[in-house]
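Participant: If you scroll down you'll find the structure; I have some questions about it.
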Amino acid sequence: MTDLLLNYRARGAECRDDYLRGVANENGLPLDCVRKIADRLGEREDFGALVLICEERHARRATVGQGRVQ
């Protein structure tokens, strides 16, 4: 078993696709959007940059939804 697969499973996912689905759901983003970001970053960034970018986009969407633009 690869280190990445162990990391996905440690976070409650069976595989990368399950993990990406969870990141999308947690941040209220479309799965397709999360997949595109993940593909550009590569698997090694699934637990770092991907999460940070998705959290930032989620926060930005929430701010725009409240009428405040940063």
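Labels for the structure tokens follow display order: chains A, B, ..., residues from 1 in each chain, ligands from 1.
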Would you mind listing what lies within 12 Å of Glu43 in chain A as a ChimeraX atom specification, with only C-alpha atoms counted and same-chain residues fewer than 5 positions away left out?
Facilitator: /A:2-5,7-8,15-17,19-20,35-38,48-51
Participant: Based on DSSP run over this structure's backbone, return all residues of chain A in helix (DSSP H, G or I), as a PyMOL selection string.
Facilitator: chain A and resi 3-10+16-27+31-41+43-45+49-65
Participant: Distance CA of Val34 in chain A-CA of Asp46 in chain A, one decimal place?
Facilitator: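 Distance reported for this atom pair: 10.1 Å.
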Participant: To one decimal place, how far is CA of Asp39 in chain A from CA of Arg61 in chain A in Å?
Facilitator: 21.7 Å
Participant: What does the distance from CA of Asn25 in chain A to CA of Cys54 in chain A come to in Å, to one decimal?
Facilitator: 10.4 Å
Participant: Kindly indicate which residue among A:Asn27, A:Phe47, A:Cys33, A:Arg40 lies nearest to Arg11 in chain A, using only C-alpha atoms for the distances.
Facilitator: A:Phe47
